[in-house]
Every structure is written in structure tokens, then in C-alpha cells.
$ cat protein.cif   # mmCIF, C-alpha atoms; chains and numbers go by the auth columns
data_protein
#
loop_
_atom_site.group_PDB
_atom_site.id
_atom_site.type_symbol
_atom_site.label_atom_id
_atom_site.label_comp_id
_atom_site.label_asym_id
_atom_site.label_seq_id
_atom_site.Cartn_x
_atom_site.Cartn_y
_atom_site.Cartn_z
_atom_site.B_iso_or_equiv
_atom_site.auth_seq_id
_atom_site.auth_asym_id
ATOM 1 C CA MET A 1 -96.508 86.103 -112.082 0.00 1 A
ATOM 2 C CA SER A 2 -96.823 84.148 -108.821 0.00 2 A
ATOM 3 C CA HIS A 3 -100.213 83.112 -107.503 0.00 3 A
ATOM 4 C CA VAL A 4 -101.393 82.713 -103.929 0.00 4 A
ATOM 5 C CA PRO A 5 -102.097 78.964 -103.452 0.00 5 A
ATOM 6 C CA VAL A 6 -105.498 79.269 -101.724 0.00 6 A
ATOM 7 C CA ALA A 7 -106.902 75.947 -100.497 0.00 7 A
ATOM 8 C CA ARG A 8 -110.274 77.189 -99.133 0.00 8 A
ATOM 9 C CA LEU A 9 -111.879 79.966 -97.109 0.00 9 A
ATOM 10 C CA ASN A 10 -110.796 79.525 -93.491 0.00 10 A
ATOM 11 C CA HIS A 11 -113.006 82.069 -91.726 0.00 11 A
ATOM 12 C CA ALA A 12 -115.023 85.230 -92.186 0.00 12 A
ATOM 13 C CA VAL A 13 -115.159 88.320 -89.991 0.00 13 A
ATOM 14 C CA LEU A 14 -118.167 90.638 -90.034 0.00 14 A
ATOM 15 C CA TYR A 15 -118.850 94.059 -88.593 0.00 15 A
ATOM 16 C CA VAL A 16 -122.253 93.932 -86.886 0.00 16 A
ATOM 17 C CA ARG A 17 -124.229 96.334 -84.712 0.00 17 A
ATOM 18 C CA ASP A 18 -124.172 93.969 -81.696 0.00 18 A
ATOM 19 C CA ALA A 19 -121.805 90.968 -81.650 0.00 19 A
ATOM 20 C CA GLN A 20 -123.775 89.216 -78.890 0.00 20 A
ATOM 21 C CA ALA A 21 -127.075 89.490 -80.814 0.00 21 A
ATOM 22 C CA ALA A 22 -125.391 88.345 -84.033 0.00 22 A
ATOM 23 C CA ALA A 23 -123.779 85.422 -82.168 0.00 23 A
ATOM 24 C CA GLU A 24 -127.201 84.379 -80.886 0.00 24 A
ATOM 25 C CA PHE A 25 -128.497 84.322 -84.486 0.00 25 A
ATOM 26 C CA TYR A 26 -125.546 82.318 -85.860 0.00 26 A
ATOM 27 C CA GLY A 27 -125.728 79.940 -82.899 0.00 27 A
ATOM 28 C CA ARG A 28 -129.470 79.365 -83.224 0.00 28 A
ATOM 29 C CA VAL A 29 -129.667 79.118 -87.019 0.00 29 A
ATOM 30 C CA PHE A 30 -126.269 77.652 -87.967 0.00 30 A
ATOM 31 C CA GLY A 31 -125.395 75.819 -84.752 0.00 31 A
ATOM 32 C CA PHE A 32 -122.124 77.761 -84.445 0.00 32 A
ATOM 33 C CA GLU A 33 -120.469 77.549 -80.995 0.00 33 A
ATOM 34 C CA VAL A 34 -118.848 80.500 -79.251 0.00 34 A
ATOM 35 C CA VAL A 35 -115.107 79.867 -79.013 0.00 35 A
ATOM 36 C CA SER A 36 -114.245 83.172 -77.417 0.00 36 A
ATOM 37 C CA SER A 37 -115.886 86.420 -76.387 0.00 37 A
ATOM 38 C CA GLU A 38 -113.420 89.302 -76.069 0.00 38 A
ATOM 39 C CA PHE A 39 -113.409 92.996 -75.120 0.00 39 A
ATOM 40 C CA GLY A 40 -116.494 92.710 -72.958 0.00 40 A
ATOM 41 C CA GLY A 41 -118.432 90.849 -75.656 0.00 41 A
ATOM 42 C CA GLN A 42 -117.611 93.366 -78.388 0.00 42 A
ATOM 43 C CA ALA A 43 -115.790 90.649 -80.369 0.00 43 A
ATOM 44 C CA VAL A 44 -117.125 87.099 -80.613 0.00 44 A
ATOM 45 C CA PHE A 45 -115.420 84.188 -82.355 0.00 45 A
ATOM 46 C CA MET A 46 -117.512 81.167 -83.369 0.00 46 A
ATOM 47 C CA ARG A 47 -116.855 77.713 -84.782 0.00 47 A
ATOM 48 C CA ALA A 48 -119.144 75.488 -86.866 0.00 48 A
ATOM 49 C CA ALA A 49 -120.191 72.416 -84.871 0.00 49 A
ATOM 50 C CA SER A 50 -118.159 70.139 -87.132 0.00 50 A
ATOM 51 C CA GLY A 51 -115.482 72.726 -87.867 0.00 51 A
ATOM 52 C CA GLU A 52 -111.756 72.140 -87.659 0.00 52 A
ATOM 53 C CA ASN A 53 -110.792 75.821 -87.696 0.00 53 A
ATOM 54 C CA HIS A 54 -110.106 77.769 -84.517 0.00 54 A
ATOM 55 C CA HIS A 55 -113.036 79.904 -85.620 0.00 55 A
ATOM 56 C CA ASP A 56 -115.177 80.045 -88.746 0.00 56 A
ATOM 57 C CA LEU A 57 -116.798 83.382 -87.976 0.00 57 A
ATOM 58 C CA GLY A 58 -115.684 86.502 -86.157 0.00 58 A
ATOM 59 C CA LEU A 59 -118.193 89.184 -85.164 0.00 59 A
ATOM 60 C CA PHE A 60 -117.135 92.726 -84.197 0.00 60 A
ATOM 61 C CA SER A 61 -119.595 95.206 -82.669 0.00 61 A
ATOM 62 C CA VAL A 62 -119.672 98.650 -84.261 0.00 62 A
ATOM 63 C CA GLY A 63 -122.692 100.046 -82.385 0.00 63 A
ATOM 64 C CA ALA A 64 -126.467 100.177 -82.688 0.00 64 A
ATOM 65 C CA GLY A 65 -126.428 103.272 -84.898 0.00 65 A
ATOM 66 C CA ALA A 66 -124.097 101.865 -87.533 0.00 66 A
ATOM 67 C CA PRO A 67 -125.556 102.280 -91.029 0.00 67 A
ATOM 68 C CA ARG A 68 -125.794 99.444 -93.500 0.00 68 A
ATOM 69 C CA PRO A 69 -123.888 99.840 -96.766 0.00 69 A
ATOM 70 C CA PRO A 70 -126.248 101.019 -99.491 0.00 70 A
ATOM 71 C CA LYS A 71 -127.379 98.317 -101.948 0.00 71 A
ATOM 72 C CA GLY A 72 -125.260 98.347 -105.047 0.00 72 A
ATOM 73 C CA SER A 73 -122.200 99.811 -103.341 0.00 73 A
ATOM 74 C CA THR A 74 -118.825 98.135 -103.562 0.00 74 A
ATOM 75 C CA GLY A 75 -117.891 95.625 -100.899 0.00 75 A
ATOM 76 C CA LEU A 76 -118.673 92.060 -99.945 0.00 76 A
ATOM 77 C CA TYR A 77 -121.919 90.754 -101.445 0.00 77 A
ATOM 78 C CA HIS A 78 -122.226 87.503 -99.460 0.00 78 A
ATOM 79 C CA LEU A 79 -120.435 84.573 -97.865 0.00 79 A
ATOM 80 C CA ALA A 80 -121.162 81.008 -98.959 0.00 80 A
ATOM 81 C CA TRP A 81 -121.276 78.279 -96.306 0.00 81 A
ATOM 82 C CA GLU A 82 -121.102 74.746 -97.741 0.00 82 A
ATOM 83 C CA VAL A 83 -123.051 71.859 -96.202 0.00 83 A
ATOM 84 C CA PRO A 84 -121.957 68.200 -96.652 0.00 84 A
ATOM 85 C CA THR A 85 -125.196 66.702 -98.045 0.00 85 A
ATOM 86 C CA ILE A 86 -128.292 67.721 -99.979 0.00 86 A
ATOM 87 C CA GLU A 87 -130.335 66.614 -96.948 0.00 87 A
ATOM 88 C CA ASP A 88 -128.380 69.144 -94.871 0.00 88 A
ATOM 89 C CA LEU A 89 -129.431 71.817 -97.364 0.00 89 A
ATOM 90 C CA ALA A 90 -133.080 70.814 -96.894 0.00 90 A
ATOM 91 C CA VAL A 91 -132.622 71.124 -93.102 0.00 91 A
ATOM 92 C CA ALA A 92 -131.022 74.543 -93.642 0.00 92 A
ATOM 93 C CA ALA A 93 -134.031 75.649 -95.695 0.00 93 A
ATOM 94 C CA GLN A 94 -136.305 74.779 -92.774 0.00 94 A
ATOM 95 C CA ALA A 95 -134.031 76.531 -90.256 0.00 95 A
ATOM 96 C CA LEU A 96 -133.815 79.706 -92.351 0.00 96 A
ATOM 97 C CA SER A 97 -137.584 79.741 -92.865 0.00 97 A
ATOM 98 C CA GLU A 98 -138.239 79.281 -89.143 0.00 98 A
ATOM 99 C CA ALA A 99 -135.809 82.121 -88.342 0.00 99 A
ATOM 100 C CA GLY A 100 -137.414 84.434 -90.918 0.00 100 A
ATOM 101 C CA ALA A 101 -134.015 84.677 -92.599 0.00 101 A
ATOM 102 C CA MET A 102 -134.730 82.981 -95.959 0.00 102 A
ATOM 103 C CA GLY A 103 -134.189 85.314 -98.881 0.00 103 A
ATOM 104 C CA GLY A 104 -134.270 82.949 -101.850 0.00 104 A
ATOM 105 C CA ALA A 105 -133.129 79.696 -103.384 0.00 105 A
ATOM 106 C CA SER A 106 -131.362 78.918 -106.669 0.00 106 A
ATOM 107 C CA ASP A 107 -130.225 75.935 -108.677 0.00 107 A
ATOM 108 C CA HIS A 108 -126.814 76.790 -110.110 0.00 108 A
ATOM 109 C CA GLY A 109 -126.362 73.427 -111.808 0.00 109 A
ATOM 110 C CA VAL A 110 -123.033 72.729 -110.098 0.00 110 A
ATOM 111 C CA SER A 111 -124.502 73.705 -106.733 0.00 111 A
ATOM 112 C CA LYS A 112 -127.839 74.116 -104.998 0.00 112 A
ATOM 113 C CA SER A 113 -128.109 77.307 -102.936 0.00 113 A
ATOM 114 C CA LEU A 114 -130.188 79.056 -100.313 0.00 114 A
ATOM 115 C CA TYR A 115 -129.813 82.770 -99.607 0.00 115 A
ATOM 116 C CA GLY A 116 -130.515 84.724 -96.469 0.00 116 A
ATOM 117 C CA ALA A 117 -129.424 87.579 -94.263 0.00 117 A
ATOM 118 C CA ASP A 118 -128.486 87.968 -90.620 0.00 118 A
ATOM 119 C CA PRO A 119 -130.133 90.598 -88.381 0.00 119 A
ATOM 120 C CA ASP A 120 -127.632 93.235 -89.605 0.00 120 A
ATOM 121 C CA GLY A 121 -128.417 92.551 -93.252 0.00 121 A
ATOM 122 C CA ASN A 122 -125.176 90.667 -93.956 0.00 122 A
ATOM 123 C CA GLU A 123 -126.115 88.338 -96.777 0.00 123 A
ATOM 124 C CA PHE A 124 -125.050 84.707 -96.870 0.00 124 A
ATOM 125 C CA GLU A 125 -125.461 81.657 -99.057 0.00 125 A
ATOM 126 C CA ILE A 126 -125.782 78.103 -97.811 0.00 126 A
ATOM 127 C CA MET A 127 -124.867 75.727 -100.597 0.00 127 A
ATOM 128 C CA TRP A 128 -124.398 72.077 -101.442 0.00 128 A
ATOM 129 C CA ARG A 129 -121.903 71.279 -104.197 0.00 129 A
ATOM 130 C CA VAL A 130 -122.950 68.709 -106.807 0.00 130 A
ATOM 131 C CA PRO A 131 -120.284 65.997 -107.243 0.00 131 A
ATOM 132 C CA ARG A 132 -117.696 67.291 -109.726 0.00 132 A
ATOM 133 C CA GLU A 133 -118.078 64.294 -112.055 0.00 133 A
ATOM 134 C CA ALA A 134 -121.721 65.317 -112.626 0.00 134 A
ATOM 135 C CA TRP A 135 -120.997 68.910 -113.686 0.00 135 A
ATOM 136 C CA GLY A 136 -120.607 68.169 -117.397 0.00 136 A
ATOM 137 C CA ASP A 137 -120.913 71.298 -119.554 0.00 137 A
ATOM 138 C CA LEU A 138 -122.165 73.241 -116.516 0.00 138 A
ATOM 139 C CA GLU A 139 -118.518 73.584 -115.435 0.00 139 A
ATOM 140 C CA LYS A 140 -118.134 76.416 -117.955 0.00 140 A
ATOM 141 C CA ARG A 141 -121.503 78.102 -117.315 0.00 141 A
ATOM 142 C CA ALA A 142 -123.127 80.200 -114.598 0.00 142 A
ATOM 143 C CA VAL A 143 -126.695 78.967 -114.221 0.00 143 A
ATOM 144 C CA ILE A 144 -129.398 80.605 -112.110 0.00 144 A
ATOM 145 C CA ALA A 145 -132.641 78.615 -112.069 0.00 145 A
ATOM 146 C CA PRO A 146 -135.397 78.000 -109.491 0.00 146 A
ATOM 147 C CA LEU A 147 -134.499 75.410 -106.842 0.00 147 A
ATOM 148 C CA ASP A 148 -136.858 72.503 -106.115 0.00 148 A
ATOM 149 C CA ILE A 149 -135.217 71.204 -102.934 0.00 149 A
ATOM 150 C CA ASP A 150 -137.519 68.169 -102.659 0.00 150 A
ATOM 151 C CA ALA A 151 -136.662 67.043 -106.198 0.00 151 A
ATOM 152 C CA GLU A 152 -132.949 67.558 -105.525 0.00 152 A
ATOM 153 C CA VAL A 153 -133.105 65.470 -102.334 0.00 153 A
ATOM 154 C CA LYS A 154 -134.795 62.692 -104.345 0.00 154 A
ATOM 155 C CA ARG A 155 -132.123 62.964 -107.042 0.00 155 A
ATOM 156 C CA TRP A 156 -128.981 63.358 -104.881 0.00 156 A
ATOM 157 C CA GLY A 157 -129.962 62.182 -101.409 0.00 157 A
ATOM 158 C CA ARG A 158 -128.937 59.074 -99.520 0.00 158 A
ATOM 159 C CA ASP A 159 -132.048 57.234 -100.709 0.00 159 A
ATOM 160 C CA ALA A 160 -131.515 58.086 -104.406 0.00 160 A
ATOM 161 C CA ALA A 161 -131.147 55.024 -106.611 0.00 161 A
ATOM 162 C CA CYS A 162 -128.647 56.660 -108.957 0.00 162 A
ATOM 163 C CA ALA A 163 -127.401 60.235 -109.287 0.00 163 A
#
$ encode --input "protein.cif" --output "C-alpha cells"
Amino acid sequence: MSHVPVARLNHAVLYVRDAQAAAEFYGRVFGFEVVSSEFGGQAVFMRAASGENHHDLGLFSVGAGAPRPPKGSTGLYHLAWEVPTIEDLAVAAQALSEAGAMGGASDHGVSKSLYGADPDGNEFEIMWRVPREAWGDLEKRAVIAPLDIDAEVKRWGRDAACA
């Protein structure tokens, strides 16, 4: 059987109640820039500040009365946005807290993750990936433990003596 040779996630597209309001959130919290606003603002395409894609996020308005999918229903659970450094994850924790969008934080061993939701309840993860050579036996496990972001910055950050 042939396999699709996926390299990485290129972009995500979300249905939201109001694309302009969602774009304001993703611009303020993530620093995403509007690339294009189409159909009278009903569709907004955004790029991460350091992104190389045409757009990393598309937002399509479906109206103020649109219901949210019920918890536990089938469908997308969350998107995971990767940041380059553990310090960037610490900055993201502050930004999510200030925006009232922080939902939780987990240490997955091979990654350190923050969880949140946008104003429409679309869940997302912001994660930093531990260097592959440090995964060890965690490569074959799925760990969920509390995240101590300050300890992780000391361990993996630019000022760490040795990882």
C-alpha cells in the first residue's frame, strides 16, 4: 500500500462565529498577521510572524448563532502550534494567561505543552519539542504529567549548563 509522504502540517482552517473577532484574537495572542481578508471579511487568512507559508491559519465566519460541537463528539480535538524554544513556550504561557485563554499545561516527556481555546472554543496546543536525542525510552510512550515551565526553562533554556 502506498503512503502519503507528509512533511508537516502546512495550515489549518477553522469555522468560527466571526472571522474578524477570531483574527483579532489570533493576532493579539499569537502575533499572526492578516495576509488576506476576503468576502467582506467573512474569510480571513493569517500567517505566523516567522512563517514561510502563504497562510498558517484560515478563518471562515459561520454566523453568531452557530453552535459549538458537543464535547465528546467526533471531529478535530485540537491543533498543535510548535514554538522554537522553551523560552518561547514560557512567553506563550504568559500571553495565554493574560488573554484568559489558558486551559492547562502538560509535560509529555518528548514535548512540553500548553493548552487553550479561542473565543469560539476551538482548542489548541502550543508545544515545544524536546531534542530527539533526549527522548530515550519516552519515544515509545505517551506521558501526561504536570508541567513546571520554570524548571523546564532552567533545564532546556539558553542559559542551561547542560541538557
$ residues_around --input "protein.cif" --residues "Ala90 of chain A" --least-positions-apart "5" --cutoff "9 Å" --atoms "all atoms listed in the file" --output "PyMOL selection string"
chain A and resi 85+95+149-150+153
$ closest_residue --input "protein.cif" --among "A:Gly58, A:Gly31, A:Glu52, A:Pro69" --to "Asp120 of chain A" --atoms "only C-alpha atoms"
A:Pro69
$ atom_distance --input "protein.cif" --atom1 "atom CA of Leu138 of chain A" --atom2 "atom CA of Gly109 of chain A"
6.3 Å
$ resolve_selection --input "protein.cif" --expression "the PyMOL selection byres ((chain A and resi 77) around 9)" --output "PyMOL selection string"
chain A and resi 74-76+78-79+122-124
$ residues_around --input "protein.cif" --residues "Gly27 of chain A" --least-positions-apart "2" --cutoff "12 Å" --atoms "only C-alpha atoms" --output "number ranges by chain"
A: 19-25, 29-35, 44-49, 57, 95, 99, 118
$ write_last_selection --input "protein.cif" --atoms "C-alpha atoms" --output "CSV table (one decimal), in the coordinates of the input"
chain,number,residue,atom,x,y,z
A,19,ALA,CA,-121.8,91.0,-81.6
A,20,GLN,CA,-123.8,89.2,-78.9
A,21,ALA,CA,-127.1,89.5,-80.8
A,22,ALA,CA,-125.4,88.3,-84.0
A,23,ALA,CA,-123.8,85.4,-82.2
A,24,GLU,CA,-127.2,84.4,-80.9
A,25,PHE,CA,-128.5,84.3,-84.5
A,29,VAL,CA,-129.7,79.1,-87.0
A,30,PHE,CA,-126.3,77.7,-88.0
A,31,GLY,CA,-125.4,75.8,-84.8
A,32,PHE,CA,-122.1,77.8,-84.4
A,33,GLU,CA,-120.5,77.5,-81.0
A,34,VAL,CA,-118.8,80.5,-79.3
A,35,VAL,CA,-115.1,79.9,-79.0
A,44,VAL,CA,-117.1,87.1,-80.6
A,45,PHE,CA,-115.4,84.2,-82.4
A,46,MET,CA,-117.5,81.2,-83.4
A,47,ARG,CA,-116.9,77.7,-84.8
A,48,ALA,CA,-119.1,75.5,-86.9
A,49,ALA,CA,-120.2,72.4,-84.9
A,57,LEU,CA,-116.8,83.4,-88.0
A,95,ALA,CA,-134.0,76.5,-90.3
A,99,ALA,CA,-135.8,82.1,-88.3
A,118,ASP,CA,-128.5,88.0,-90.6
$ closest_residue --input "protein.cif" --among "A:Lys71, A:Gly100, A:Ser36, A:Val13" --to "Leu59 of chain A" --atoms "all atoms listed in the file"
A:Val13
$ resolve_selection --input "protein.cif" --expression "the PyMOL selection byres ((chain A and resi 92) around 10)" --output "list in words"
Val29, Phe30, Val83, Ile86, Glu87, Asp88, Leu89, Ala90, Val91, Ala93, Gln94, Ala95, Leu96, Ser97, Glu98, Met102, Leu114, Ile126 and Met127 of chain A
$ atom_distance --input "protein.cif" --atom1 "atom CA of Glu139 of chain A" --atom2 "atom CA of Lys112 of chain A"
14.0 Å
